[in-house]
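Just below is one structure, and these are the notes that go with it.
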Amino acid sequence: MASAVAVVWMFFVFAALTGLACFIISAPWGKISPNNRGVGYAMAVATGMCLYLMWAICYLAQANPLIAPQRTGWIGPGISP
């Protein structure tokens, strides 16, 4: 169950970072014009979602690998099994 906790925890981390990016985009000192702020929000949210999904897929793929190591009879040079 620890993997589910880590996935949920990282979701909130990525959501906070995405919110911070949206705050920076909407800040009055920002260099983005008010007409293009919607595009900036969409880019920040899409980037956050893609980063989170990439992390979650890579993290969860480790729990159930598609290719598992196979044990063979060879142990080493000069050593019989």
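In the structure tokens, each chain is lettered A, B, ... as it comes, each chain's residues begin at 1, and ligands are numbered from 1 in order of appearance.
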
Exercise for the section: Tell me, as a PyMOL selection string, which residues lie within 8 Å of stretch 42-48 of chain A, counting only C-alpha atoms; anything in the same chain fewer than 5 positions away does not count. Expected result: chain A and resi 14-15+17-18+21-22

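Across the model, the gap from atom CA of A:Tyr52 to atom CA of A:Ala27 is 24.3 Å.
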
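The coordinates place atom CA of A:Val5 at 15.3 Å from atom CA of A:Leu53.
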
Handout entry: Every residue of chain A that DSSP places in alpha helix (DSSP H), as JSON, numbers by chain
Key = {"A": [2, 3, 4, 5, 6, 7, 8, 9, 10, 11, 12, 13, 14, 15, 16, 17, 18, 19, 20, 21, 22, 23, 24, 25, 26, 37, 38, 39, 40, 41, 42, 43, 44, 45, 46, 47, 48, 49, 50, 51, 52, 53, 54, 55, 56, 57, 58, 59, 60, 61]}

Those residues you just picked out, can you put them in a file as a short mmCIF file (atom, residue, chain, number, x, y, z; two decimals), in the first residue's frame with N, CA and C atoms?
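Result file follows (part_28.cif):
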```cif
data_model
loop_
_atom_site.label_atom_id
_atom_site.label_comp_id
_atom_site.auth_asym_id
_atom_site.auth_seq_id
_atom_site.Cartn_x
_atom_site.Cartn_y
_atom_site.Cartn_z
N ALA A 2 2.13 1.08 0.26
CA ALA A 2 3.02 2.25 0.29
C ALA A 2 3.10 2.92 -1.07
N SER A 3 2.98 2.14 -2.15
CA SER A 3 3.07 2.74 -3.48
C SER A 3 1.88 3.65 -3.73
N ALA A 4 0.69 3.29 -3.25
CA ALA A 4 -0.48 4.14 -3.44
C ALA A 4 -0.33 5.44 -2.68
N VAL A 5 0.25 5.37 -1.50
CA VAL A 5 0.48 6.59 -0.72
C VAL A 5 1.46 7.50 -1.43
N ALA A 6 2.51 6.93 -1.99
CA ALA A 6 3.50 7.74 -2.71
C ALA A 6 2.90 8.38 -3.95
N VAL A 7 2.05 7.65 -4.66
CA VAL A 7 1.42 8.20 -5.87
C VAL A 7 0.50 9.35 -5.51
N VAL A 8 -0.29 9.20 -4.46
CA VAL A 8 -1.19 10.28 -4.05
C VAL A 8 -0.39 11.47 -3.54
N TRP A 9 0.65 11.20 -2.77
CA TRP A 9 1.49 12.29 -2.25
C TRP A 9 2.12 13.09 -3.39
N MET A 10 2.66 12.39 -4.37
CA MET A 10 3.28 13.09 -5.49
C MET A 10 2.25 13.82 -6.34
N PHE A 11 1.01 13.32 -6.38
CA PHE A 11 -0.04 14.06 -7.09
C PHE A 11 -0.22 15.44 -6.47
N PHE A 12 -0.25 15.49 -5.15
CA PHE A 12 -0.42 16.78 -4.48
C PHE A 12 0.81 17.68 -4.67
N VAL A 13 1.98 17.08 -4.73
CA VAL A 13 3.19 17.87 -4.99
C VAL A 13 3.14 18.48 -6.38
N PHE A 14 2.79 17.67 -7.38
CA PHE A 14 2.69 18.20 -8.74
C PHE A 14 1.55 19.21 -8.87
N ALA A 15 0.45 18.98 -8.15
CA ALA A 15 -0.66 19.94 -8.19
C ALA A 15 -0.23 21.28 -7.58
N ALA A 16 0.54 21.22 -6.50
CA ALA A 16 1.02 22.46 -5.88
C ALA A 16 1.98 23.19 -6.80
N LEU A 17 2.87 22.46 -7.45
CA LEU A 17 3.80 23.10 -8.39
C LEU A 17 3.06 23.69 -9.59
N THR A 18 2.03 23.01 -10.06
CA THR A 18 1.22 23.55 -11.16
C THR A 18 0.48 24.80 -10.71
N GLY A 19 -0.05 24.78 -9.49
CA GLY A 19 -0.70 25.98 -8.96
C GLY A 19 0.26 27.13 -8.81
N LEU A 20 1.48 26.84 -8.39
CA LEU A 20 2.49 27.89 -8.29
C LEU A 20 2.82 28.47 -9.66
N ALA A 21 2.92 27.60 -10.66
CA ALA A 21 3.18 28.09 -12.02
C ALA A 21 2.04 28.96 -12.52
N CYS A 22 0.80 28.57 -12.23
CA CYS A 22 -0.36 29.38 -12.64
C CYS A 22 -0.36 30.71 -11.90
N PHE A 23 0.04 30.71 -10.63
CA PHE A 23 0.11 31.97 -9.88
C PHE A 23 1.16 32.89 -10.48
N ILE A 24 2.30 32.34 -10.83
CA ILE A 24 3.35 33.16 -11.43
C ILE A 24 2.90 33.71 -12.79
N ILE A 25 2.17 32.90 -13.54
CA ILE A 25 1.67 33.37 -14.84
C ILE A 25 0.68 34.51 -14.65
N SER A 26 -0.16 34.42 -13.62
CA SER A 26 -1.19 35.44 -13.43
C SER A 26 -0.69 36.65 -12.65
N ARG A 37 -2.84 34.88 -21.21
CA ARG A 37 -2.75 34.16 -19.93
C ARG A 37 -3.47 32.82 -19.96
N GLY A 38 -4.56 32.75 -20.69
CA GLY A 38 -5.27 31.47 -20.81
C GLY A 38 -4.40 30.40 -21.44
N VAL A 39 -3.62 30.79 -22.42
CA VAL A 39 -2.69 29.84 -23.05
C VAL A 39 -1.63 29.42 -22.04
N GLY A 40 -1.16 30.36 -21.24
CA GLY A 40 -0.17 30.04 -20.22
C GLY A 40 -0.72 29.08 -19.18
N TYR A 41 -1.98 29.31 -18.76
CA TYR A 41 -2.61 28.38 -17.80
C TYR A 41 -2.72 26.98 -18.41
N ALA A 42 -3.17 26.92 -19.65
CA ALA A 42 -3.33 25.62 -20.30
C ALA A 42 -1.99 24.90 -20.42
N MET A 43 -0.95 25.64 -20.76
CA MET A 43 0.38 25.03 -20.87
C MET A 43 0.87 24.55 -19.51
N ALA A 44 0.65 25.33 -18.46
CA ALA A 44 1.10 24.92 -17.13
C ALA A 44 0.37 23.67 -16.65
N VAL A 45 -0.94 23.63 -16.85
CA VAL A 45 -1.72 22.47 -16.41
C VAL A 45 -1.36 21.24 -17.24
N ALA A 46 -1.23 21.39 -18.55
CA ALA A 46 -0.87 20.25 -19.40
C ALA A 46 0.53 19.73 -19.05
N THR A 47 1.45 20.64 -18.77
CA THR A 47 2.80 20.22 -18.39
C THR A 47 2.78 19.48 -17.06
N GLY A 48 2.04 20.00 -16.08
CA GLY A 48 1.93 19.33 -14.79
C GLY A 48 1.31 17.95 -14.91
N MET A 49 0.26 17.83 -15.72
CA MET A 49 -0.38 16.53 -15.91
C MET A 49 0.56 15.53 -16.58
N CYS A 50 1.27 15.98 -17.61
CA CYS A 50 2.19 15.08 -18.31
C CYS A 50 3.34 14.64 -17.41
N LEU A 51 3.89 15.57 -16.63
CA LEU A 51 4.98 15.21 -15.72
C LEU A 51 4.50 14.22 -14.67
N TYR A 52 3.31 14.46 -14.11
CA TYR A 52 2.79 13.55 -13.09
C TYR A 52 2.52 12.17 -13.67
N LEU A 53 1.88 12.11 -14.83
CA LEU A 53 1.58 10.81 -15.42
C LEU A 53 2.85 10.05 -15.78
N MET A 54 3.84 10.74 -16.29
CA MET A 54 5.11 10.08 -16.61
C MET A 54 5.75 9.52 -15.35
N TRP A 55 5.76 10.30 -14.28
CA TRP A 55 6.34 9.83 -13.02
C TRP A 55 5.54 8.65 -12.49
N ALA A 56 4.20 8.75 -12.47
CA ALA A 56 3.37 7.70 -11.90
C ALA A 56 3.50 6.39 -12.69
N ILE A 57 3.53 6.47 -14.01
CA ILE A 57 3.67 5.26 -14.81
C ILE A 57 5.02 4.60 -14.57
N CYS A 58 6.07 5.38 -14.54
CA CYS A 58 7.41 4.81 -14.28
C CYS A 58 7.50 4.23 -12.88
N TYR A 59 6.91 4.91 -11.90
CA TYR A 59 6.96 4.43 -10.52
C TYR A 59 6.16 3.14 -10.37
N LEU A 60 4.96 3.11 -10.91
CA LEU A 60 4.12 1.93 -10.76
C LEU A 60 4.59 0.76 -11.61
N ALA A 61 5.32 1.02 -12.69
CA ALA A 61 5.84 -0.07 -13.51
C ALA A 61 6.88 -0.89 -12.75
#
```
